[in-house]
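For reference, target.cif is printed below; it contains mmCIF, C-alpha atoms and all ligand atoms.
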data_structure
loop_
_atom_site.label_atom_id
_atom_site.label_comp_id
_atom_site.auth_asym_id
_atom_site.auth_seq_id
_atom_site.Cartn_x
_atom_site.Cartn_y
_atom_site.Cartn_z
CA MET A 1 95.77 1.15 -107.74
CA SER A 2 95.97 -0.36 -111.23
CA LYS A 3 98.90 -2.67 -111.91
CA LYS A 4 99.91 -4.90 -114.78
CA ILE A 5 101.37 -8.13 -113.50
CA LEU A 6 103.10 -10.86 -115.47
CA ILE A 7 102.68 -14.32 -113.95
CA THR A 8 104.87 -16.95 -115.63
CA GLY A 9 103.90 -20.62 -115.48
CA GLY A 10 100.30 -19.69 -114.71
CA ALA A 11 98.88 -22.76 -116.45
CA GLY A 12 100.74 -25.12 -114.11
CA PHE A 13 99.78 -26.46 -110.70
CA ILE A 14 100.66 -23.60 -108.33
CA GLY A 15 100.52 -20.93 -111.05
CA SER A 16 96.88 -21.66 -111.90
CA HIS A 17 95.79 -21.29 -108.26
CA LEU A 18 97.76 -18.04 -108.02
CA VAL A 19 96.33 -16.63 -111.28
CA ARG A 20 92.77 -17.41 -110.10
CA LEU A 21 93.41 -15.74 -106.73
CA PHE A 22 94.83 -12.56 -108.30
CA VAL A 23 92.25 -12.31 -111.11
CA ASN A 24 89.34 -12.63 -108.64
CA LYS A 25 90.79 -10.67 -105.73
CA TYR A 26 92.23 -7.73 -107.68
CA PRO A 27 89.77 -6.71 -110.43
CA ASP A 28 91.80 -3.50 -110.97
CA TYR A 29 94.97 -5.41 -111.81
CA LYS A 30 95.66 -6.71 -115.30
CA ILE A 31 97.02 -10.23 -115.08
CA VAL A 32 99.03 -11.57 -118.01
CA ASN A 33 99.69 -15.31 -117.80
CA LEU A 34 102.72 -16.40 -119.83
CA ASP A 35 103.12 -20.14 -120.25
CA LYS A 36 104.73 -22.45 -122.79
CA LEU A 37 102.12 -25.14 -122.11
CA THR A 38 104.61 -27.95 -121.63
CA TYR A 39 103.26 -31.35 -120.53
CA ALA A 40 102.68 -29.72 -117.10
CA GLY A 41 100.79 -26.65 -118.33
CA ASN A 42 97.10 -27.00 -118.91
CA LEU A 43 94.62 -24.22 -119.74
CA GLU A 44 91.80 -26.44 -118.49
CA ASN A 45 93.06 -25.45 -115.02
CA LEU A 46 91.82 -21.90 -115.70
CA LYS A 47 88.55 -22.52 -117.57
CA ASP A 48 86.49 -20.72 -114.90
CA ILE A 49 88.36 -17.41 -115.27
CA GLU A 50 89.53 -17.47 -118.91
CA SER A 51 87.08 -14.82 -120.10
CA THR A 52 87.42 -12.51 -117.12
CA ALA A 53 88.13 -8.92 -118.27
CA ASN A 54 91.35 -8.43 -116.29
CA TYR A 55 92.96 -11.71 -117.49
CA SER A 56 94.88 -12.56 -120.63
CA PHE A 57 96.96 -15.53 -121.72
CA VAL A 58 100.13 -15.52 -123.84
CA LYS A 59 101.66 -18.76 -125.07
CA GLY A 60 105.45 -18.54 -125.17
CA ASP A 61 108.79 -19.84 -124.01
CA ILE A 62 110.87 -17.97 -121.41
CA VAL A 63 114.00 -19.51 -122.95
CA ASP A 64 113.39 -17.46 -126.13
CA ALA A 65 115.04 -14.09 -125.31
CA GLN A 66 113.76 -12.41 -128.46
CA PHE A 67 110.19 -13.37 -127.67
CA ILE A 68 110.54 -12.21 -124.04
CA ASN A 69 112.00 -8.84 -125.10
CA LYS A 70 109.16 -8.35 -127.58
CA LEU A 71 106.57 -9.21 -124.92
CA PHE A 72 108.13 -6.63 -122.59
CA SER A 73 108.12 -4.00 -125.36
CA GLU A 74 104.39 -4.59 -125.85
CA HIS A 75 103.52 -4.44 -122.13
CA GLN A 76 104.74 -2.25 -119.29
CA PHE A 77 104.76 -4.67 -116.38
CA ASP A 78 104.69 -3.30 -112.84
CA GLY A 79 105.34 -6.68 -111.31
CA ILE A 80 106.52 -10.14 -112.30
CA ILE A 81 105.73 -13.28 -110.35
CA HIS A 82 107.94 -15.95 -111.84
CA LEU A 83 106.82 -19.56 -111.44
CA ALA A 84 107.54 -21.07 -114.89
CA ALA A 85 109.94 -23.95 -114.40
CA GLU A 86 110.68 -27.56 -115.01
CA SER A 87 109.60 -28.83 -111.61
CA HIS A 88 109.98 -32.60 -111.25
CA VAL A 89 113.12 -34.08 -109.61
CA ASP A 90 112.84 -37.45 -111.39
CA ARG A 91 112.66 -35.76 -114.80
CA SER A 92 115.71 -33.66 -113.87
CA ILE A 93 117.63 -36.88 -113.28
CA LEU A 94 116.63 -38.12 -116.76
CA ASN A 95 117.35 -34.80 -118.54
CA PRO A 96 119.25 -32.14 -116.52
CA LEU A 97 119.84 -29.80 -119.47
CA ALA A 98 116.15 -28.98 -119.90
CA PHE A 99 116.24 -27.73 -116.28
CA VAL A 100 119.22 -25.46 -116.94
CA GLU A 101 117.52 -24.05 -120.02
CA THR A 102 114.15 -23.19 -118.49
CA ASN A 103 115.05 -22.62 -114.85
CA VAL A 104 118.35 -20.78 -115.31
CA ILE A 105 118.41 -19.26 -118.82
CA GLY A 106 114.66 -18.58 -118.74
CA THR A 107 114.99 -16.71 -115.44
CA LEU A 108 117.93 -14.69 -116.81
CA ASN A 109 115.92 -13.70 -119.87
CA LEU A 110 113.15 -12.35 -117.62
CA LEU A 111 115.66 -10.55 -115.39
CA ASN A 112 117.32 -8.93 -118.42
CA ALA A 113 113.99 -7.80 -119.84
CA ALA A 114 112.92 -6.34 -116.46
CA LYS A 115 116.29 -4.60 -116.09
CA GLU A 116 115.86 -2.88 -119.48
CA GLN A 117 112.20 -2.04 -118.98
CA TRP A 118 112.52 -0.65 -115.46
CA LYS A 119 115.72 1.40 -115.99
CA GLY A 120 115.42 4.53 -113.82
CA GLU A 121 111.89 3.56 -112.75
CA GLU A 122 112.64 0.78 -110.30
CA ASN A 123 110.43 2.28 -107.56
CA ASP A 124 107.13 0.44 -107.18
CA LYS A 125 108.29 -2.41 -109.41
CA LEU A 126 108.85 -5.95 -108.19
CA PHE A 127 110.44 -9.12 -109.57
CA TYR A 128 109.15 -11.93 -107.34
CA HIS A 129 110.94 -15.24 -107.85
CA ILE A 130 109.19 -18.40 -106.65
CA SER A 131 111.62 -21.02 -105.41
CA THR A 132 111.75 -24.19 -103.39
CA ASP A 133 113.11 -25.43 -100.04
CA GLU A 134 115.01 -28.10 -102.01
CA VAL A 135 117.83 -25.57 -102.63
CA TYR A 136 118.84 -26.01 -98.97
CA GLY A 137 119.64 -29.70 -99.47
CA SER A 138 118.81 -32.47 -97.05
CA LEU A 139 118.20 -32.40 -93.28
CA GLY A 140 118.95 -35.16 -90.77
CA GLU A 141 116.42 -36.15 -88.09
CA GLU A 142 116.64 -32.73 -86.43
CA GLY A 143 116.55 -29.06 -87.42
CA PHE A 144 114.78 -26.84 -89.93
CA PHE A 145 115.60 -24.76 -92.99
CA THR A 146 115.72 -21.04 -92.17
CA GLU A 147 116.22 -18.15 -94.59
CA THR A 148 119.94 -18.15 -93.72
CA THR A 149 120.57 -21.88 -94.19
CA SER A 150 123.40 -22.35 -96.72
CA TYR A 151 122.44 -23.58 -100.14
CA ASP A 152 123.37 -27.23 -100.75
CA PRO A 153 121.33 -28.47 -103.73
CA ARG A 154 121.71 -32.16 -104.49
CA SER A 155 119.49 -32.88 -107.50
CA PRO A 156 119.70 -31.32 -110.97
CA TYR A 157 116.29 -29.73 -110.28
CA SER A 158 117.35 -28.11 -107.01
CA ALA A 159 120.73 -27.10 -108.49
CA SER A 160 118.95 -25.27 -111.31
CA LYS A 161 116.57 -23.55 -108.88
CA ALA A 162 119.49 -22.59 -106.61
CA SER A 163 121.30 -21.11 -109.60
CA SER A 164 118.25 -19.06 -110.58
CA ASP A 165 117.85 -17.82 -106.97
CA HIS A 166 121.49 -16.67 -107.01
CA PHE A 167 120.99 -14.79 -110.29
CA VAL A 168 117.86 -13.06 -108.96
CA ARG A 169 119.75 -11.84 -105.88
CA ALA A 170 122.80 -10.91 -108.01
CA TYR A 171 120.60 -8.73 -110.25
CA HIS A 172 119.26 -7.01 -107.14
CA HIS A 173 122.72 -6.23 -105.78
CA THR A 174 124.39 -5.45 -109.11
CA TYR A 175 121.68 -3.66 -111.08
CA GLY A 176 119.26 -2.54 -108.38
CA ILE A 177 116.36 -4.68 -109.61
CA PRO A 178 113.74 -4.81 -106.81
CA VAL A 179 113.41 -8.50 -106.04
CA VAL A 180 111.93 -10.80 -103.46
CA VAL A 181 112.39 -14.59 -103.24
CA SER A 182 110.35 -17.21 -101.45
CA ASN A 183 111.31 -20.83 -100.84
CA CYS A 184 108.36 -23.10 -100.22
CA SER A 185 107.99 -26.70 -99.09
CA ASN A 186 106.09 -29.43 -101.01
CA ASN A 187 102.66 -28.34 -102.22
CA TYR A 188 99.59 -30.56 -102.61
CA GLY A 189 96.04 -30.03 -103.83
CA PRO A 190 93.92 -30.03 -107.01
CA ASN A 191 95.49 -29.72 -110.49
CA GLN A 192 98.91 -31.19 -109.65
CA PHE A 193 100.36 -33.24 -112.49
CA PRO A 194 100.18 -36.95 -111.55
CA GLU A 195 103.95 -37.50 -111.72
CA LYS A 196 104.26 -36.17 -108.15
CA LEU A 197 103.71 -38.50 -105.19
CA ILE A 198 100.21 -37.59 -104.00
CA PRO A 199 98.30 -37.38 -107.32
CA LEU A 200 100.27 -40.34 -108.69
CA CYS A 201 99.11 -42.49 -105.75
CA ILE A 202 95.47 -41.34 -105.97
CA HIS A 203 95.47 -42.13 -109.71
CA ASN A 204 97.07 -45.55 -109.16
CA ILE A 205 94.74 -46.46 -106.28
CA LYS A 206 91.76 -45.65 -108.47
CA SER A 207 93.03 -47.82 -111.28
CA GLY A 208 94.34 -50.62 -109.01
CA LYS A 209 98.00 -50.08 -109.96
CA ALA A 210 101.08 -50.45 -107.72
CA LEU A 211 102.00 -47.52 -105.45
CA PRO A 212 105.78 -47.16 -105.98
CA ILE A 213 107.52 -46.14 -102.74
CA TYR A 214 111.17 -45.21 -103.24
CA GLY A 215 113.70 -46.84 -100.90
CA ASP A 216 112.50 -47.53 -97.34
CA GLY A 217 109.70 -44.94 -97.52
CA LYS A 218 111.12 -43.06 -94.51
CA TYR A 219 111.98 -39.92 -96.48
CA THR A 220 110.23 -36.89 -95.00
CA ARG A 221 108.52 -33.94 -96.67
CA ASP A 222 106.74 -30.89 -95.21
CA TRP A 223 103.40 -30.52 -97.03
CA LEU A 224 101.49 -27.30 -97.69
CA TRP A 225 98.01 -26.84 -99.21
CA VAL A 226 98.53 -25.19 -102.62
CA MET A 227 95.99 -22.42 -101.96
CA ASP A 228 97.90 -21.54 -98.78
CA HIS A 229 101.03 -21.15 -100.91
CA ALA A 230 99.08 -18.82 -103.23
CA ALA A 231 97.88 -16.83 -100.19
CA ALA A 232 101.47 -16.54 -98.93
CA ILE A 233 102.65 -15.33 -102.36
CA ASP A 234 99.89 -12.69 -102.29
CA LEU A 235 101.11 -11.50 -98.86
CA ILE A 236 104.76 -11.40 -99.91
CA PHE A 237 103.99 -9.66 -103.22
CA HIS A 238 102.13 -6.88 -101.41
CA LYS A 239 103.88 -6.67 -98.04
CA GLY A 240 107.27 -8.37 -98.38
CA LYS A 241 110.45 -6.32 -98.08
CA ILE A 242 112.56 -5.74 -101.20
CA GLY A 243 115.71 -7.87 -101.26
CA GLU A 244 114.37 -10.30 -98.65
CA THR A 245 113.80 -14.04 -98.69
CA TYR A 246 110.80 -15.73 -97.07
CA ASN A 247 110.49 -19.43 -96.30
CA ILE A 248 106.95 -20.81 -96.63
CA GLY A 249 105.92 -24.07 -94.98
CA GLY A 250 103.08 -25.93 -93.36
CA HIS A 251 104.62 -27.27 -90.10
CA ASN A 252 103.41 -30.55 -91.51
CA GLU A 253 106.11 -33.20 -91.78
CA TRP A 254 105.24 -36.67 -93.01
CA LYS A 255 107.33 -39.72 -93.77
CA ASN A 256 106.32 -40.87 -97.27
CA ILE A 257 105.09 -44.26 -96.08
CA ASP A 258 102.88 -42.74 -93.36
CA LEU A 259 101.48 -40.26 -95.84
CA VAL A 260 100.72 -43.02 -98.36
CA HIS A 261 99.00 -45.08 -95.63
CA LEU A 262 96.75 -42.11 -94.81
CA LEU A 263 96.12 -41.49 -98.50
CA CYS A 264 95.17 -45.17 -98.99
CA ASP A 265 92.71 -45.12 -96.10
CA LEU A 266 91.08 -41.83 -97.11
CA THR A 267 90.80 -42.97 -100.75
CA ASP A 268 89.29 -46.35 -99.76
CA LYS A 269 86.72 -44.40 -97.73
CA ALA A 270 85.95 -42.02 -100.63
CA LEU A 271 85.56 -44.98 -103.02
CA ASN A 272 83.47 -47.04 -100.53
CA ARG A 273 86.02 -49.83 -100.65
CA PRO A 274 86.86 -51.94 -97.55
CA GLN A 275 89.61 -50.36 -95.42
CA GLY A 276 92.99 -51.92 -96.28
CA THR A 277 92.25 -52.41 -99.99
CA ALA A 278 94.57 -49.68 -101.25
CA ARG A 279 97.40 -50.49 -98.81
CA GLN A 280 97.82 -53.81 -100.62
CA LEU A 281 99.04 -51.88 -103.65
CA ILE A 282 102.06 -50.43 -101.81
CA THR A 283 105.27 -51.62 -103.50
CA PHE A 284 108.77 -50.66 -102.35
CA VAL A 285 110.92 -49.90 -105.39
CA LYS A 286 114.51 -48.88 -106.14
CA ASP A 287 115.41 -45.58 -104.53
CA ARG A 288 115.73 -42.23 -106.31
CA PRO A 289 119.46 -41.42 -106.84
CA GLY A 290 120.61 -38.66 -104.46
CA HIS A 291 117.25 -38.80 -102.64
CA ASP A 292 117.08 -36.00 -100.03
CA LYS A 293 116.26 -37.47 -96.62
CA ARG A 294 114.20 -34.75 -95.03
CA TYR A 295 112.85 -31.27 -95.76
CA ALA A 296 111.35 -29.12 -92.99
CA ILE A 297 110.73 -25.39 -93.03
CA ASP A 298 111.09 -22.92 -90.19
CA ALA A 299 108.29 -20.54 -91.20
CA ASN A 300 108.65 -18.13 -88.28
CA LYS A 301 109.75 -15.16 -90.37
CA ILE A 302 106.68 -15.09 -92.61
CA LYS A 303 104.46 -15.81 -89.60
CA HIS A 304 105.80 -12.98 -87.44
CA GLU A 305 106.50 -10.39 -90.17
CA LEU A 306 103.52 -10.97 -92.46
CA GLY A 307 101.06 -12.94 -90.30
CA PHE A 308 100.97 -16.03 -92.51
CA GLU A 309 99.62 -19.34 -91.17
CA PRO A 310 98.32 -22.40 -93.05
CA SER A 311 94.51 -22.35 -93.19
CA ILE A 312 93.56 -26.04 -93.11
CA THR A 313 94.72 -29.31 -91.58
CA PHE A 314 96.46 -31.92 -93.71
CA GLU A 315 93.63 -34.45 -93.28
CA THR A 316 91.07 -31.92 -94.55
CA GLY A 317 93.26 -30.83 -97.46
CA LEU A 318 94.08 -34.40 -98.40
CA ALA A 319 90.40 -35.43 -98.33
CA GLN A 320 89.56 -32.43 -100.57
CA THR A 321 92.41 -33.35 -102.91
CA ILE A 322 91.21 -36.95 -103.20
CA ASP A 323 87.64 -35.78 -103.88
CA TRP A 324 88.91 -33.41 -106.56
CA TYR A 325 90.86 -36.13 -108.39
CA LEU A 326 88.01 -38.65 -108.14
CA ASN A 327 85.53 -36.06 -109.47
CA ASN A 328 87.71 -34.78 -112.30
CA GLU A 329 88.24 -37.93 -114.31
CA THR A 330 88.25 -36.10 -117.65
CA TRP A 331 91.05 -33.75 -116.51
CA LEU A 332 93.06 -36.75 -115.29
CA GLY A 333 92.23 -38.88 -118.35
CA ASN A 334 93.33 -36.14 -120.75
CA ILE A 335 96.79 -35.83 -119.23
CA THR A 336 97.53 -39.46 -118.37
CA SER A 337 97.48 -40.66 -121.97
CA GLY A 338 100.25 -40.35 -124.57
CA ALA A 339 103.35 -38.61 -123.24
CA TYR A 340 102.48 -39.38 -119.61
CA LYS A 341 102.40 -43.12 -120.35
CA ALA A 342 105.79 -42.96 -122.08
CA TYR A 343 107.31 -41.06 -119.13
CA TYR A 344 105.75 -43.46 -116.60
CA GLU A 345 107.15 -46.49 -118.39
CA GLN A 346 110.64 -45.02 -118.61
CA GLN A 347 110.66 -43.82 -114.99
CA TYR A 348 109.36 -47.01 -113.37
CA LYS A 349 110.48 -49.80 -115.75
CA ASN A 350 113.56 -51.03 -113.81
CA ARG A 351 112.35 -50.29 -110.29
P1 LIG B 1 104.35 -27.24 -112.74
O1 LIG B 1 105.35 -28.14 -113.38
O2 LIG B 1 103.01 -27.76 -112.39
O3 LIG B 1 104.11 -25.97 -113.70
C1 LIG B 1 105.15 -25.31 -114.35
C2 LIG B 1 104.52 -24.42 -115.42
O4 LIG B 1 105.59 -23.74 -116.10
C3 LIG B 1 103.74 -25.20 -116.49
O5 LIG B 1 102.51 -24.57 -116.74
C4 LIG B 1 104.65 -25.15 -117.71
O6 LIG B 1 103.94 -25.20 -118.95
C5 LIG B 1 105.36 -23.82 -117.51
N1 LIG B 1 106.67 -23.80 -118.19
C6 LIG B 1 107.64 -24.75 -118.13
N2 LIG B 1 108.68 -24.40 -118.91
C7 LIG B 1 108.35 -23.19 -119.46
C8 LIG B 1 109.03 -22.32 -120.35
N3 LIG B 1 110.23 -22.63 -120.84
N4 LIG B 1 108.43 -21.16 -120.69
C9 LIG B 1 107.19 -20.84 -120.20
N5 LIG B 1 106.50 -21.65 -119.38
C10 LIG B 1 107.08 -22.81 -119.00
O7 LIG B 1 105.10 -26.62 -111.49
P2 LIG B 1 104.53 -26.18 -110.06
O8 LIG B 1 104.55 -27.34 -109.17
O9 LIG B 1 103.28 -25.41 -110.25
O10 LIG B 1 105.71 -25.20 -109.61
C11 LIG B 1 105.67 -23.81 -109.95
C12 LIG B 1 106.89 -23.13 -109.34
O11 LIG B 1 106.90 -23.30 -107.93
C13 LIG B 1 108.23 -23.69 -109.86
O12 LIG B 1 109.11 -22.61 -110.03
C14 LIG B 1 108.69 -24.60 -108.73
O13 LIG B 1 110.09 -24.68 -108.69
C15 LIG B 1 108.13 -23.89 -107.52
N6 LIG B 1 107.82 -24.73 -106.35
C16 LIG B 1 107.04 -25.85 -106.48
C17 LIG B 1 106.72 -26.61 -105.36
C18 LIG B 1 105.83 -27.83 -105.46
O14 LIG B 1 105.68 -28.55 -104.46
N7 LIG B 1 105.20 -28.11 -106.58
C19 LIG B 1 107.23 -26.24 -104.12
C20 LIG B 1 108.03 -25.09 -104.01
C21 LIG B 1 108.30 -24.34 -105.14
P1 LIG B 2 107.72 -35.68 -105.25
O1 LIG B 2 106.24 -35.55 -105.19
O2 LIG B 2 108.36 -36.06 -106.54
O3 LIG B 2 108.32 -34.30 -104.69
P2 LIG B 2 109.87 -33.92 -104.30
O4 LIG B 2 110.77 -34.95 -104.81
O5 LIG B 2 110.03 -32.62 -105.03
O6 LIG B 2 109.87 -33.80 -102.82
O7 LIG B 2 108.17 -36.75 -104.17
C1 LIG B 2 107.81 -36.62 -102.81
C2 LIG B 2 108.46 -37.74 -102.05
O8 LIG B 2 107.91 -38.98 -102.48
C3 LIG B 2 109.97 -37.85 -102.32
O9 LIG B 2 110.61 -38.27 -101.12
C4 LIG B 2 110.08 -38.95 -103.36
C5 LIG B 2 108.92 -39.85 -103.02
N1 LIG B 2 108.31 -40.58 -104.17
C6 LIG B 2 108.11 -41.97 -104.10
O10 LIG B 2 108.43 -42.62 -103.08
N2 LIG B 2 107.54 -42.59 -105.17
C7 LIG B 2 107.18 -41.94 -106.31
O11 LIG B 2 106.70 -42.58 -107.27
C8 LIG B 2 107.38 -40.51 -106.36
C9 LIG B 2 107.01 -39.73 -107.59
C10 LIG B 2 107.94 -39.87 -105.26
#

I need this file expressed as structure tokens, please.
Ligand code: NAD
Ligand code: TYD
Amino acid sequence: MSKKILITGGAGFIGSHLVRLFVNKYPDYKIVNLDKLTYAGNLENLKDIESTANYSFVKGDIVDAQFINKLFSEHQFDGIIHLAAESHVDRSILNPLAFVETNVIGTLNLLNAAKEQWKGEENDKLFYHISTDEVYGSLGEEGFFTETTSYDPRSPYSASKASSDHFVRAYHHTYGIPVVVSNCSNNYGPNQFPEKLIPLCIHNIKSGKALPIYGDGKYTRDWLWVMDHAAAIDLIFHKGKIGETYNIGGHNEWKNIDLVHLLCDLTDKALNRPQGTARQLITFVKDRPGHDKRYAIDANKIKHELGFEPSITFETGLAQTIDWYLNNETWLGNITSGAYKAYYEQQYKNR
């Protein structure tokens, strides 16, 4: 069956893996990648598929309602997979408004355009909103986030994502838009912008810079291989139930300090440096304000209803991630100059 699918944020970290999966796996689909190409969007991520017949790229801003309405008048989309977002918690603390604009207003613009376009033809259409486990807030030592856990966002980033999730569900109930939402845990893998913990540490180990660990380093995250997230999105897009929410996770909790120790040891090995070299770079710095203690996903629903399970172990995925960053110096070099340096200095100057 031929379908035209709009993927927003397809030049970013998760979006680029998803676009590649869909373009290669579904040659009969037409995939339109809409991305503003902010600091986090990079068409180099998609070089291998850019001239594939079923793929096209549109540069544009989801905050611009006029532009979005025009795009929808030019294309009849059967499905939308919405990933475009401002995605970094630390940046949301520096500039919350940018997160409201893109994550909330941008999502509303897409919902409004879909509502107009699909009027009376909602069958076989789908608005799939990609969200995060951070909307559920912070866990103590015990327990997991389920699909019915109450929302309790605590950072400007998670508050903006929570707001967009609410609007997506409201449009389903109020206007009958066919929607599905998934909330995923922390992703890792190739092509992640080096402001996030894992690529930031690999980059700093390589260049002999300090590894900034916020607070006591005992904060816990549940890590999932990015291509497993893309595989889960594929499953939910094709087999998920309209109106439902699916949590996606890796059953893979790590305290930040333990993760960074493992990362140091694997990177020393990959660089043929004596074990213990990278660990000397670990530096405890001032904590992130409002830092969520622990995230952990109960992924039983997607496992039992759709058969999803992570495909690789963390050690394997982490080793592959390190190899990718060490072998893609040009990619890293291109994005760690200019604006990245300015952000890095502002973010870490008083820590
Ligand atoms: P990312 O920051 O790497 O990529 C975001 C992409 O969106 C970039 O290509 C950027 O250019 C684009 N974009 C930003 N503002 C835009 C705008 N106004 N108009 C059009 N495009 C715009 O983010 P990511 O890590 O790939 O996350 C993608 C989605 O997945 C986000 O919605 C995020 O909330 C969600 N998510 C991320 C994680 C994670 O661990 N990274 C976990 C769960 C959910
Ligand atoms: P991050 O990769 O920013 O993802 P998120 O905040 O969305 O979970 O951070 C992961 C964890 O690592 C989080 O607990 C904050 C911590 N962290 C540091 O300790 N130092 C850093 O320099 C960064 C960027 C994150």

Any idea what's packed within 12 Å of range 109-123 of chain A, counting all atoms listed in the file, ignoring anything in its chain fewer than 5 positions away? Could you give it as a VMD selection string? chain A and resid 6 to 8 34 61 to 84 101 to 104 128 to 129 164 to 172 174 to 179 242

Enumerate as a short mmCIF file (atom, residue, chain, number, x, y, z; two decimals) with C-alpha atoms, in the coordinates of the input the residues within 10 Å of ligand LIG 2 (chain B), counting all atoms listed in the file.
data_model
loop_
_atom_site.label_atom_id
_atom_site.label_comp_id
_atom_site.auth_asym_id
_atom_site.auth_seq_id
_atom_site.Cartn_x
_atom_site.Cartn_y
_atom_site.Cartn_z
CA SER A 87 109.60 -28.83 -111.61
CA HIS A 88 109.98 -32.60 -111.25
CA VAL A 89 113.12 -34.08 -109.61
CA ASP A 90 112.84 -37.45 -111.39
CA ARG A 91 112.66 -35.76 -114.80
CA THR A 132 111.75 -24.19 -103.39
CA ASP A 133 113.11 -25.43 -100.04
CA GLU A 134 115.01 -28.10 -102.01
CA SER A 155 119.49 -32.88 -107.50
CA TYR A 157 116.29 -29.73 -110.28
CA SER A 158 117.35 -28.11 -107.01
CA SER A 185 107.99 -26.70 -99.09
CA ASN A 186 106.09 -29.43 -101.01
CA ASN A 187 102.66 -28.34 -102.22
CA TYR A 188 99.59 -30.56 -102.61
CA GLN A 192 98.91 -31.19 -109.65
CA PHE A 193 100.36 -33.24 -112.49
CA PRO A 194 100.18 -36.95 -111.55
CA GLU A 195 103.95 -37.50 -111.72
CA LYS A 196 104.26 -36.17 -108.15
CA LEU A 197 103.71 -38.50 -105.19
CA ILE A 198 100.21 -37.59 -104.00
CA PRO A 199 98.30 -37.38 -107.32
CA LEU A 200 100.27 -40.34 -108.69
CA CYS A 201 99.11 -42.49 -105.75
CA ALA A 210 101.08 -50.45 -107.72
CA LEU A 211 102.00 -47.52 -105.45
CA PRO A 212 105.78 -47.16 -105.98
CA ILE A 213 107.52 -46.14 -102.74
CA TYR A 214 111.17 -45.21 -103.24
CA GLY A 215 113.70 -46.84 -100.90
CA ASP A 216 112.50 -47.53 -97.34
CA GLY A 217 109.70 -44.94 -97.52
CA LYS A 218 111.12 -43.06 -94.51
CA TYR A 219 111.98 -39.92 -96.48
CA THR A 220 110.23 -36.89 -95.00
CA ARG A 221 108.52 -33.94 -96.67
CA ASP A 222 106.74 -30.89 -95.21
CA TRP A 223 103.40 -30.52 -97.03
CA TRP A 254 105.24 -36.67 -93.01
CA LYS A 255 107.33 -39.72 -93.77
CA ASN A 256 106.32 -40.87 -97.27
CA ILE A 257 105.09 -44.26 -96.08
CA LEU A 259 101.48 -40.26 -95.84
CA VAL A 260 100.72 -43.02 -98.36
CA THR A 283 105.27 -51.62 -103.50
CA PHE A 284 108.77 -50.66 -102.35
CA VAL A 285 110.92 -49.90 -105.39
CA LYS A 286 114.51 -48.88 -106.14
CA ASP A 287 115.41 -45.58 -104.53
CA ARG A 288 115.73 -42.23 -106.31
CA HIS A 291 117.25 -38.80 -102.64
CA ASP A 292 117.08 -36.00 -100.03
CA LYS A 293 116.26 -37.47 -96.62
CA ARG A 294 114.20 -34.75 -95.03
CA TYR A 295 112.85 -31.27 -95.76
CA TYR A 344 105.75 -43.46 -116.60
CA GLN A 347 110.66 -43.82 -114.99
CA TYR A 348 109.36 -47.01 -113.37
#

As AutoDock Vina command-line options: centre and edge lengths in Å, one decimal, of the axis-aligned box holding ligand LIG 1 (chain B) with 5 Å per side:
--center_x 106.4 --center_y -24.7 --center_z -112.4 --size_x 17.7 --size_y 17.7 --size_z 26.8

If you count all atoms listed in the file, the residue of A:Leu332, A:Ile130, A:Leu281, A:Ile202 closest to ligand LIG 1 (chain B) turns out to be A:Ile130

Name the residues within 12 Å of (86.6, -12.9, -116.8), counting only C-alpha atoms in the file's coordinates, and put them as a PyMOL selection string. chain A and resi 19-20+22-24+26-27+30-31+46-57

Would you put the residues from that selection into a file with C-alpha atoms, as a short mmCIF file (atom, residue, chain, number, x, y, z; two decimals), in the coordinates of the input?
data_model
loop_
_atom_site.label_atom_id
_atom_site.label_comp_id
_atom_site.auth_asym_id
_atom_site.auth_seq_id
_atom_site.Cartn_x
_atom_site.Cartn_y
_atom_site.Cartn_z
CA VAL A 19 96.33 -16.63 -111.28
CA ARG A 20 92.77 -17.41 -110.10
CA PHE A 22 94.83 -12.56 -108.30
CA VAL A 23 92.25 -12.31 -111.11
CA ASN A 24 89.34 -12.63 -108.64
CA TYR A 26 92.23 -7.73 -107.68
CA PRO A 27 89.77 -6.71 -110.43
CA LYS A 30 95.66 -6.71 -115.30
CA ILE A 31 97.02 -10.23 -115.08
CA LEU A 46 91.82 -21.90 -115.70
CA LYS A 47 88.55 -22.52 -117.57
CA ASP A 48 86.49 -20.72 -114.90
CA ILE A 49 88.36 -17.41 -115.27
CA GLU A 50 89.53 -17.47 -118.91
CA SER A 51 87.08 -14.82 -120.10
CA THR A 52 87.42 -12.51 -117.12
CA ALA A 53 88.13 -8.92 -118.27
CA ASN A 54 91.35 -8.43 -116.29
CA TYR A 55 92.96 -11.71 -117.49
CA SER A 56 94.88 -12.56 -120.63
CA PHE A 57 96.96 -15.53 -121.72
#

Could you check how far CA of Leu94 in chain A sits from CA of Gly140 in chain A, in Å to one decimal?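 So the two atoms, CA of Leu94 in chain A and CA of Gly140 in chain A, lie 26.3 Å apart.
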
Which residue out of A:Lys349, A:Lys241, A:Lys36, A:Arg273 has the minimum interatomic distance to ligand LIG 1 (chain B) when all atoms listed in the file are used?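 Using all atoms listed in the file, the shortest distance to ligand LIG 1 (chain B) belongs to A:Lys36.
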
Would you mind telling me which residue in A:Gly333, A:Ile248, A:Pro156, A:Lys239 lies nearest to ligand LIG 1 (chain B) when using only C-alpha atoms and all ligand atoms? A:Ile248

Separation of CA of Tyr343 in chain A from CA of Gln280 in chain A, in Å and rounded to one decimal: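 Separating CA of Tyr343 in chain A from CA of Gln280 in chain A is a distance of 24.4 Å.
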
Measuring between only C-alpha atoms and all ligand atoms, which one of A:Tyr151, A:Trp324, A:Trp225, A:Tyr39 shows the shortest distance to ligand LIG 1 (chain B)?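 For ligand LIG 1 (chain B), the nearest of the given residues is A:Tyr39.
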